[in-house]
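> Got a structure for you, target_35.csv, holding CSV, C-alpha atoms.
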```csv
chain,number,residue,atom,x,y,z
W,564,MET,CA,30.2,-8.2,-7.6
W,565,ASN,CA,28.2,-5.5,-5.9
W,566,SER,CA,25.2,-6.1,-3.6
W,567,ILE,CA,22.6,-5.1,-6.2
W,568,ALA,CA,24.0,-7.6,-8.7
W,569,LEU,CA,24.1,-10.2,-6.0
W,570,LEU,CA,20.5,-9.5,-5.1
W,571,GLY,CA,19.5,-10.3,-8.7
W,572,LEU,CA,21.1,-13.7,-8.4
W,573,LEU,CA,19.7,-14.4,-5.0
W,574,LEU,CA,16.1,-13.6,-6.0
W,575,LEU,CA,16.2,-16.9,-7.9
W,576,ALA,CA,18.2,-18.8,-5.3
W,577,HIS,CA,15.8,-17.8,-2.5
W,578,SER,CA,12.6,-18.3,-4.4
W,579,THR,CA,12.3,-21.9,-3.3
W,580,ASN,CA,10.1,-22.6,-0.2
W,581,THR,CA,9.3,-18.9,0.1
W,582,PHE,CA,5.6,-19.0,0.2
W,583,VAL,CA,3.5,-19.2,3.3
W,584,LEU,CA,-0.1,-19.1,2.2
W,585,ASP,CA,-1.9,-19.1,5.6
W,586,LEU,CA,-5.6,-18.5,5.0
W,587,SER,CA,-6.1,-18.5,8.8
W,588,LEU,CA,-4.4,-15.1,8.9
W,589,LYS,CA,-7.1,-13.5,6.7
W,590,HIS,CA,-9.6,-11.2,8.1
W,591,LYS,CA,-13.0,-12.9,8.5
W,592,ASN,CA,-14.4,-10.8,5.6
W,593,GLY,CA,-11.2,-10.7,3.6
W,594,PHE,CA,-8.7,-7.9,3.4
W,595,ALA,CA,-11.1,-5.0,4.3
W,596,GLY,CA,-9.6,-4.6,7.7
W,597,ARG,CA,-6.3,-3.3,6.3
W,598,VAL,CA,-5.6,0.4,5.6
W,599,ASP,CA,-3.9,-0.2,2.3
W,600,PRO,CA,-0.7,1.9,1.7
W,601,ILE,CA,-2.1,2.7,-1.7
W,602,LEU,CA,-5.8,4.0,-1.2
W,603,SER,CA,-5.8,4.3,-6.6
W,604,SER,CA,-11.0,20.0,7.8
W,605,SER,CA,-14.3,20.9,8.7
W,606,SER,CA,-15.6,20.2,5.2
W,607,LEU,CA,-15.3,16.5,5.6
W,608,LEU,CA,-18.2,14.3,6.6
W,609,SER,CA,-18.0,12.8,10.0
W,610,GLU,CA,-16.5,9.4,10.3
W,611,SER,CA,-19.7,7.8,11.7
W,612,SER,CA,-22.0,9.2,9.0
W,613,GLN,CA,-19.7,8.1,6.2
W,614,ARG,CA,-19.5,4.6,7.6
W,615,GLY,CA,-23.3,4.4,8.1
W,616,GLU,CA,-24.2,5.5,4.6
W,617,ALA,CA,-21.6,3.1,3.1
W,618,HIS,CA,-22.8,0.2,5.2
W,619,THR,CA,-26.4,0.7,4.4
W,620,ASP,CA,-25.8,0.8,0.7
W,621,LEU,CA,-23.5,-2.3,0.7
W,622,ARG,CA,-25.9,-4.2,3.0
W,623,GLN,CA,-28.7,-3.6,0.5
W,624,ARG,CA,-26.6,-4.8,-2.4
W,625,LEU,CA,-25.6,-8.0,-0.6
W,626,ASP,CA,-29.2,-8.7,0.4
W,627,GLU,CA,-30.3,-8.2,-3.2
W,628,LEU,CA,-27.6,-10.6,-4.4
W,629,ALA,CA,-28.6,-13.2,-1.7
W,630,GLY,CA,-32.2,-13.1,-2.8
W,631,SER,CA,-31.6,-13.0,-6.5
W,632,GLY,CA,-31.6,-16.8,-6.9
W,633,LYS,CA,-28.6,-16.7,-9.3
W,634,GLY,CA,-26.1,-19.5,-9.6
W,635,ALA,CA,-22.7,-19.6,-7.9
W,636,ASP,CA,-20.8,-18.4,-11.0
W,637,ASP,CA,-23.0,-15.4,-11.5
W,638,LEU,CA,-22.9,-14.6,-7.8
W,639,GLU,CA,-19.1,-14.8,-7.8
W,640,GLN,CA,-18.9,-12.5,-10.8
W,641,GLU,CA,-21.2,-9.8,-9.3
W,642,LEU,CA,-19.8,-10.0,-5.8
W,643,SER,CA,-16.3,-9.7,-7.2
W,644,SER,CA,-17.3,-6.6,-9.2
W,645,LEU,CA,-19.0,-5.1,-6.1
W,646,LEU,CA,-16.0,-5.7,-3.8
W,647,SER,CA,-13.5,-4.4,-6.4
W,648,SER,CA,-14.8,-0.8,-5.8
W,649,ARG,CA,-15.2,-0.8,-2.0
W,650,PRO,CA,-13.9,-2.6,1.1
W,651,LEU,CA,-16.1,-5.2,2.9
W,652,PRO,CA,-16.4,-4.0,6.5
W,653,PRO,CA,-15.6,-6.7,9.0
W,654,SER,CA,-18.6,-5.9,11.1
W,655,LEU,CA,-21.1,-6.3,8.2
W,656,PRO,CA,-23.0,-9.6,8.4
W,657,ILE,CA,-22.7,-11.7,5.3
W,658,PRO,CA,-25.9,-13.6,4.1
W,659,SER,CA,-25.2,-17.3,4.5
W,660,VAL,CA,-25.9,-18.0,0.8
W,661,LEU,CA,-23.0,-15.7,-0.1
W,662,GLN,CA,-20.4,-16.9,2.4
W,663,PRO,CA,-19.2,-19.9,0.3
W,664,VAL,CA,-19.0,-17.5,-2.7
W,665,LEU,CA,-17.0,-15.0,-0.7
W,666,ASN,CA,-14.6,-17.8,0.5
W,667,GLN,CA,-14.1,-18.8,-3.1
W,668,ILE,CA,-13.3,-15.2,-4.1
W,669,GLN,CA,-10.8,-14.9,-1.3
W,670,SER,CA,-9.1,-18.2,-2.1
W,671,LYS,CA,-8.7,-17.2,-5.7
W,672,SER,CA,-7.4,-13.7,-4.7
W,673,LEU,CA,-4.8,-15.2,-2.4
W,674,GLU,CA,-3.7,-17.8,-5.0
W,675,ARG,CA,-3.3,-15.0,-7.6
W,676,GLY,CA,-1.3,-13.0,-5.1
W,677,LYS,CA,0.9,-16.0,-4.4
W,678,ASN,CA,1.5,-16.6,-8.1
W,679,THR,CA,2.3,-12.9,-8.7
W,680,LEU,CA,4.9,-12.9,-5.9
W,681,SER,CA,6.4,-16.1,-7.2
W,682,SER,CA,6.7,-14.6,-10.7
W,683,ILE,CA,8.4,-11.5,-9.2
W,684,LEU,CA,10.9,-13.5,-7.2
W,685,ASN,CA,11.7,-15.7,-10.1
W,686,SER,CA,12.6,-12.7,-12.3
W,687,GLY,CA,16.2,-13.7,-12.2
W,688,GLU,CA,17.9,-10.3,-12.4
W,689,VAL,CA,17.3,-6.8,-11.2
W,690,ARG,CA,16.2,-5.2,-14.5
W,691,ALA,CA,13.6,-8.0,-15.1
W,692,LEU,CA,12.5,-7.7,-11.5
W,693,ASN,CA,11.7,-4.0,-11.9
W,694,THR,CA,10.0,-4.5,-15.3
W,695,ASN,CA,7.8,-7.2,-13.9
W,696,ILE,CA,6.8,-5.2,-10.8
W,697,GLN,CA,5.9,-2.2,-13.0
W,698,ARG,CA,3.9,-4.3,-15.3
W,699,TYR,CA,2.0,-6.0,-12.5
W,700,ALA,CA,1.3,-2.5,-10.9
W,701,LYS,CA,-0.2,-1.3,-14.2
W,702,GLU,CA,-2.3,-4.4,-14.5
W,703,GLY,CA,-3.7,-4.1,-11.0
W,704,MET,CA,-2.1,-7.3,-9.7
W,705,LEU,CA,-0.4,-5.6,-6.8
W,706,ASP,CA,-3.7,-5.5,-4.8
W,707,GLY,CA,-4.6,-6.2,-1.2
W,708,ALA,CA,-4.4,-10.0,-1.6
W,709,PHE,CA,-0.9,-9.7,-3.1
W,710,PHE,CA,0.3,-7.5,-0.2
W,711,GLU,CA,-1.3,-9.9,2.3
W,712,VAL,CA,0.7,-12.8,0.9
W,713,LEU,CA,3.8,-10.7,0.8
W,714,GLU,CA,3.4,-9.6,4.4
W,715,VAL,CA,2.8,-13.2,5.6
W,716,ASN,CA,6.0,-14.2,3.9
W,717,ILE,CA,7.9,-11.3,5.4
W,718,ARG,CA,6.7,-12.2,8.9
W,719,ASP,CA,7.5,-15.8,8.4
W,720,ALA,CA,11.0,-14.9,7.1
W,721,LEU,CA,11.7,-12.6,10.1
W,722,HIS,CA,10.4,-15.2,12.5
W,723,THR,CA,12.6,-18.0,10.9
W,724,GLU,CA,15.7,-15.8,10.9
W,725,SER,CA,15.2,-14.6,14.5
W,726,SER,CA,14.8,-18.3,15.6
W,727,SER,CA,18.0,-19.4,13.9
W,728,SER,CA,21.2,-20.0,15.9
W,729,PRO,CA,23.3,-16.9,16.5
W,730,GLY,CA,26.2,-18.4,14.5
W,731,GLU,CA,24.1,-19.1,11.4
W,732,VAL,CA,25.1,-16.1,9.3
W,733,PRO,CA,25.4,-16.6,5.5
W,734,ALA,CA,29.0,-16.1,4.3
W,735,SER,CA,28.0,-13.4,1.8
W,736,GLU,CA,26.1,-11.5,4.4
W,737,SER,CA,29.2,-11.0,6.5
W,738,ALA,CA,30.6,-9.0,3.5
W,739,GLY,CA,27.6,-6.6,3.7
W,740,ALA,CA,25.6,-8.1,0.8
W,741,VAL,CA,21.8,-8.3,0.9
W,742,THR,CA,21.2,-12.0,1.2
W,743,SER,CA,18.6,-12.8,3.8
W,744,ARG,CA,15.1,-13.8,2.7
W,745,SER,CA,13.5,-11.1,4.8
W,746,GLN,CA,15.7,-8.4,3.2
W,747,ILE,CA,14.9,-9.6,-0.3
W,748,LEU,CA,11.1,-9.6,0.5
W,749,LEU,CA,11.3,-6.2,2.1
W,750,HIS,CA,13.2,-4.8,-0.9
W,751,VAL,CA,10.4,-6.2,-3.2
W,752,SER,CA,7.8,-4.6,-1.0
W,753,THR,CA,9.5,-1.2,-1.3
W,754,LEU,CA,9.7,-1.6,-5.1
W,755,CYS,CA,6.0,-2.5,-5.3
W,756,HIS,CA,4.9,0.5,-3.3
W,757,GLU,CA,7.1,2.8,-5.4
W,758,SER,CA,5.7,1.4,-8.6
W,759,LEU,CA,2.1,1.9,-7.4
W,760,GLU,CA,3.0,5.4,-6.3
W,761,SER,CA,4.3,6.2,-9.8
W,762,LEU,CA,0.8,5.6,-11.2
W,763,LEU,CA,-0.8,8.2,-8.9
W,764,PRO,CA,-1.0,11.9,-9.4
W,765,PRO,CA,2.1,13.6,-7.9
W,766,SER,CA,0.3,15.0,-4.9
W,767,ALA,CA,-1.4,11.7,-4.0
W,768,ALA,CA,1.9,9.9,-4.5
W,769,LEU,CA,3.5,12.4,-2.1
W,770,VAL,CA,0.9,11.7,0.6
W,771,THR,CA,1.3,7.9,0.2
W,772,ARG,CA,5.1,8.1,0.4
W,773,LEU,CA,4.9,10.2,3.5
W,774,MET,CA,2.5,7.7,5.2
W,775,ARG,CA,5.0,4.9,4.6
W,776,SER,CA,8.0,7.0,5.8
W,777,PRO,CA,7.5,7.4,9.6
W,778,ASP,CA,11.0,8.8,10.2
W,779,PRO,CA,10.6,12.5,11.0
W,780,GLY,CA,13.8,13.6,9.3
W,781,LEU,CA,13.0,11.7,6.1
W,782,ARG,CA,9.5,13.1,6.0
W,783,ALA,CA,10.8,16.7,6.4
W,784,ASN,CA,13.2,16.2,3.5
W,785,ILE,CA,10.5,14.8,1.3
W,786,LEU,CA,8.2,17.7,2.1
W,787,ARG,CA,10.9,20.2,1.6
W,788,ASP,CA,11.8,18.9,-1.8
W,789,ALA,CA,8.1,18.7,-2.9
W,790,LEU,CA,6.6,21.9,-1.4
W,791,VAL,CA,9.6,24.3,-1.4
W,792,GLY,CA,12.1,22.9,-3.9
W,793,GLY,CA,15.8,22.3,-3.7
W,794,GLU,CA,18.7,24.6,-4.3
W,795,ALA,CA,21.2,24.6,-7.2
W,796,GLU,CA,24.6,26.3,-7.3
W,797,LEU,CA,25.4,28.1,-10.6
W,798,PRO,CA,29.0,28.1,-12.0
W,799,THR,CA,29.2,31.7,-10.8
W,800,GLY,CA,28.7,30.5,-7.3
W,801,GLU,CA,25.2,31.9,-7.0
W,802,VAL,CA,22.7,29.7,-5.3
W,803,VAL,CA,19.3,29.5,-7.0
W,804,LYS,CA,16.2,28.2,-5.3
W,805,GLY,CA,14.2,25.6,-7.2
W,806,ARG,CA,10.5,25.7,-7.8
W,807,PRO,CA,8.0,23.6,-5.8
W,808,LYS,CA,7.1,20.4,-7.4
W,809,ILE,CA,3.6,20.3,-5.9
W,810,GLY,CA,1.3,23.2,-5.1
W,811,GLN,CA,-0.1,23.6,-1.6
W,812,GLU,CA,-3.6,23.3,-2.9
W,813,GLU,CA,-3.0,20.0,-4.5
W,814,PHE,CA,-1.3,18.7,-1.4
W,815,VAL,CA,-4.1,19.7,0.9
W,816,GLU,CA,-6.7,18.2,-1.5
W,817,SER,CA,-4.8,14.9,-1.5
W,818,VAL,CA,-4.6,14.9,2.3
W,819,GLY,CA,-8.3,15.5,2.5
W,820,GLU,CA,-9.0,12.7,0.1
W,821,ARG,CA,-6.9,10.3,2.1
W,822,VAL,CA,-8.7,11.2,5.2
W,823,ARG,CA,-12.1,10.5,3.5
W,824,GLN,CA,-10.8,7.2,2.3
W,825,ILE,CA,-9.6,6.2,5.8
W,826,ARG,CA,-12.9,7.2,7.4
W,827,SER,CA,-14.8,5.2,4.8
W,828,LEU,CA,-13.2,2.0,6.1
W,829,ASP,CA,-14.7,0.0,9.0
W,830,VAL,CA,-11.5,0.3,11.1
W,831,ASP,CA,-10.2,2.7,13.7
W,832,GLY,CA,-8.4,5.3,11.5
W,833,SER,CA,-7.8,7.8,14.3
W,834,ALA,CA,-4.1,7.1,14.4
W,835,ALA,CA,-3.7,7.4,10.6
W,836,VAL,CA,-5.7,10.7,10.5
W,837,GLY,CA,-3.7,12.0,13.4
W,838,ASP,CA,-0.5,11.2,11.5
W,839,LEU,CA,-1.8,13.2,8.5
W,840,VAL,CA,-2.5,16.1,10.8
W,841,GLU,CA,1.1,16.0,12.0
W,842,VAL,CA,2.3,15.8,8.4
W,843,CYS,CA,0.4,19.0,7.6
W,844,LYS,CA,2.0,20.8,10.6
W,845,VAL,CA,5.4,19.8,9.4
W,846,ALA,CA,4.6,20.9,5.9
W,847,ARG,CA,3.4,24.3,7.2
W,848,SER,CA,6.6,24.9,9.1
W,849,ILE,CA,8.8,23.9,6.1
W,850,VAL,CA,6.9,26.3,3.8
W,851,VAL,CA,7.4,29.1,6.3
W,852,GLU,CA,11.1,28.2,6.7
W,853,GLY,CA,11.5,28.4,3.0
W,854,GLY,CA,10.1,31.9,2.9
W,855,GLY,CA,6.7,30.9,1.5
W,856,ASP,CA,3.2,31.7,2.5
W,857,PRO,CA,1.4,28.7,3.9
W,858,LYS,CA,-2.0,30.0,3.0
W,859,CYS,CA,-3.5,26.6,2.3
W,860,LEU,CA,-1.9,24.9,5.3
W,861,GLU,CA,-3.3,27.2,8.0
W,862,GLU,CA,-6.2,25.0,9.0
```
Can I see the file as structure tokens?

Amino acid sequence: MNSIALLGLLLLAHSTNTFVLDLSLKHKNGFAGRVDPILSSSSLLSESSQRGEAHTDLRQRLDELAGSGKGADDLEQELSSLLSSRPLPPSLPIPSVLQPVLNQIQSKSLERGKNTLSSILNSGEVRALNTNIQRYAKEGMLDGAFFEVLEVNIRDALHTESSSSPGEVPASESAGAVTSRSQILLHVSTLCHESLESLLPPSAALVTRLMRSPDPGLRANILRDALVGGEAELPTGEVVKGRPKIGQEEFVESVGERVRQIRSLDVDGSAAVGDLVEVCKVARSIVVEGGGDPKCLEE
């Protein structure tokens, strides 16, 4: 039995006692402090002005809700709708009347994320696993709360495995199979990210994939395949260059959009933005190397 087939069986075997739903690990205002892997130049607004405008508008909406006199159910519905379209900055003060409602929303989100992960891990076999992940991605269930639960479980699995005795190695793992709880969860995480990327426009999916692939060599290969195209050898022995899958204009536009999204969050996004700048530099060198004109990658 190969390791992929074995993984399908182990998903069910390892699903027991997998979940560590630790609410204390949440950000005080929820999940807004995370730069999500999937976020659905001089021309950009400055980081401070973007944050200031977003904070003022959100603060006004929260104050309006707090003074509306509505019941808890109505407040929960409106606050959920409001937060579904924008992150809640951790530095933004929350009116006291809304704090219990916000706590309730967060608890429900985490419980939903836990149930989604439970369903995925209990898929039973690989094909069902992929089908469930793709369905949950389309339904919007792979959200910030889901990844928070998944990340907590991954950290717990890694900690548990690192704390075990050196001699405690599963028999099947010695044969090279994927058996550990952390490996299964990391595999699920990769599949979830890939499913979300498949729902994005190609250029946006490319940027997202690059941001979760820190290895320079892998990034270069991804960019080369997307912006230059691969090569194919004909039966005659002639080597023909493929066409780029994504245009430079689309790529630059998606990078700019990602920068705007990062700067709209109330977190220090300088490292992420700097990473994107480096990605653009590599993209330019790859286009030049392939004999192209990096006209859109000059800035």
> Go ahead and find all residues with at least one atom no further than 10 Å from (11.6, -9.4, -8.7) in the file's coordinates, using only C-alpha atoms; report them as a PyMOL selection string.
chain W and resi 570-571+574-575+578+679-696+747-748+750-752+754-755
> Rank W:Val770, W:Ala629, W:Leu839, W:Leu781 by their smallest atom-to-atom distance to Val664 of chain W, using all atoms listed in the file, and report the top residue only.
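Of W:Val770, W:Ala629, W:Leu839, W:Leu781, the one nearest Val664 of chain W, counting all atoms listed in the file, is W:Ala629.
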> Out of W:Leu645, W:Leu786, W:Ala700, W:Ala708, which residue has the shortest atom-to-atom distance to Ser672 of chain W when counting all atoms listed in the file?
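Residue with the minimum atom-to-atom distance to Ser672 of chain W: W:Ala708.
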> Excluding Ile668 of chain W and residues on its chain fewer than 2 positions from it, collect all residues at most 12 Å away from it, counting all atoms listed in the file, and give them as a PyMOL selection string.
chain W and resi 592-594+635-636+638-647+661-666+670-675+708
> Which residue, W:Pro658, W:Pro765, W:Gly854, W:Gly707, has the smallest gap to Asp626 of chain W when you use only C-alpha atoms?
W:Pro658
> When distances are computed from only C-alpha atoms, which of W:Ser725, W:Val791, W:Val818, W:His756 shows the smallest separation from Phe709 of chain W?
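Of W:Ser725, W:Val791, W:Val818, W:His756, the one nearest Phe709 of chain W is W:His756, counting only C-alpha atoms.
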> Could you pull the residues within 12 Å of Thr771 of chain W, counting only C-alpha atoms, minus those fewer than 4 positions along the same chain, as a PyMOL selection string?
chain W and resi 598-603+756-767+775-777+782+785+814+817-818+820-822+835+838-839+842
> Do you have the atom CA of Ser833 of chain W-atom CA of Ser654 of chain W distance handy?
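Separating atom CA of Ser833 of chain W from atom CA of Ser654 of chain W is a distance of 17.7 Å.
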> Could you state the separation of atom CA of Val850 of chain W and atom CA of Leu797 of chain W in Å, given to one decimal place?
23.5 Å
> What gap, in Å, lies between atom CA of Gln623 of chain W and atom CA of Met704 of chain W?
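Interatomic distance here is 28.7 Å.
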> N, CA, C and O atoms are what I want for segment 647-669 of chain W; can you complete it accordingly and write them as a compact mmCIF listing (two decimals), keeping the file's coordinate frame?

```txt
# COMPACT_ATOMS: atom_id res chain seq x y z
N SER W 647 -14.68 -4.98 -5.73
CA SER W 647 -13.50 -4.40 -6.40
C SER W 647 -13.53 -2.84 -6.19
O SER W 647 -12.49 -2.19 -6.32
N SER W 648 -14.69 -2.27 -5.90
CA SER W 648 -14.80 -0.80 -5.80
C SER W 648 -14.96 -0.32 -4.36
O SER W 648 -15.02 0.89 -4.13
N ARG W 649 -15.07 -1.25 -3.40
CA ARG W 649 -15.20 -0.80 -2.00
C ARG W 649 -14.80 -1.93 -1.07
O ARG W 649 -14.84 -3.11 -1.44
N PRO W 650 -14.35 -1.58 0.13
CA PRO W 650 -13.90 -2.60 1.10
C PRO W 650 -15.17 -3.26 1.73
O PRO W 650 -16.25 -2.69 1.75
N LEU W 651 -14.99 -4.46 2.22
CA LEU W 651 -16.10 -5.20 2.90
C LEU W 651 -15.83 -5.01 4.41
O LEU W 651 -14.89 -5.58 4.96
N PRO W 652 -16.65 -4.20 5.10
CA PRO W 652 -16.40 -4.00 6.50
C PRO W 652 -16.51 -5.25 7.33
O PRO W 652 -17.40 -6.07 7.11
N PRO W 653 -15.59 -5.45 8.27
CA PRO W 653 -15.60 -6.70 9.00
C PRO W 653 -16.81 -6.86 9.93
O PRO W 653 -17.15 -7.98 10.30
N SER W 654 -17.47 -5.77 10.28
CA SER W 654 -18.60 -5.90 11.10
C SER W 654 -19.93 -6.12 10.38
O SER W 654 -20.98 -6.34 10.97
N LEU W 655 -19.85 -6.12 9.04
CA LEU W 655 -21.10 -6.30 8.20
C LEU W 655 -21.43 -7.76 8.13
O LEU W 655 -20.61 -8.59 7.70
N PRO W 656 -22.65 -8.15 8.54
CA PRO W 656 -23.00 -9.60 8.40
C PRO W 656 -23.17 -9.98 6.98
O PRO W 656 -23.70 -9.23 6.15
N ILE W 657 -22.69 -11.18 6.68
CA ILE W 657 -22.70 -11.70 5.30
C ILE W 657 -23.87 -12.73 5.22
O ILE W 657 -23.93 -13.68 6.02
N PRO W 658 -24.81 -12.58 4.28
CA PRO W 658 -25.90 -13.60 4.10
C PRO W 658 -25.24 -14.96 3.90
O PRO W 658 -24.25 -15.11 3.17
N SER W 659 -25.82 -15.97 4.52
CA SER W 659 -25.20 -17.30 4.50
C SER W 659 -25.05 -17.85 3.09
O SER W 659 -24.08 -18.57 2.81
N VAL W 660 -25.96 -17.50 2.18
CA VAL W 660 -25.90 -18.00 0.80
C VAL W 660 -24.65 -17.43 0.09
O VAL W 660 -24.14 -18.03 -0.87
N LEU W 661 -24.16 -16.29 0.55
CA LEU W 661 -23.00 -15.70 -0.10
C LEU W 661 -21.67 -16.03 0.51
O LEU W 661 -20.63 -15.80 -0.09
N GLN W 662 -21.69 -16.61 1.71
CA GLN W 662 -20.40 -16.90 2.40
C GLN W 662 -19.52 -17.86 1.60
O GLN W 662 -18.32 -17.61 1.46
N PRO W 663 -20.06 -18.98 1.06
CA PRO W 663 -19.20 -19.90 0.30
C PRO W 663 -18.62 -19.15 -0.97
O PRO W 663 -17.47 -19.40 -1.36
N VAL W 664 -19.43 -18.27 -1.56
CA VAL W 664 -19.00 -17.50 -2.70
C VAL W 664 -17.84 -16.59 -2.34
O VAL W 664 -16.82 -16.47 -3.03
N LEU W 665 -18.02 -15.92 -1.19
CA LEU W 665 -17.00 -15.00 -0.70
C LEU W 665 -15.70 -15.76 -0.39
O LEU W 665 -14.60 -15.29 -0.72
N ASN W 666 -15.82 -16.94 0.21
CA ASN W 666 -14.60 -17.80 0.50
C ASN W 666 -13.89 -18.13 -0.76
O ASN W 666 -12.66 -18.13 -0.81
N GLN W 667 -14.66 -18.44 -1.81
CA GLN W 667 -14.10 -18.80 -3.10
C GLN W 667 -13.31 -17.62 -3.69
O GLN W 667 -12.19 -17.77 -4.22
N ILE W 668 -13.91 -16.44 -3.62
CA ILE W 668 -13.30 -15.20 -4.10
C ILE W 668 -11.96 -14.96 -3.40
O ILE W 668 -10.94 -14.64 -4.01
N GLN W 669 -11.99 -15.11 -2.08
CA GLN W 669 -10.80 -14.90 -1.30
C GLN W 669 -9.69 -15.86 -1.59
O GLN W 669 -8.52 -15.49 -1.69
```
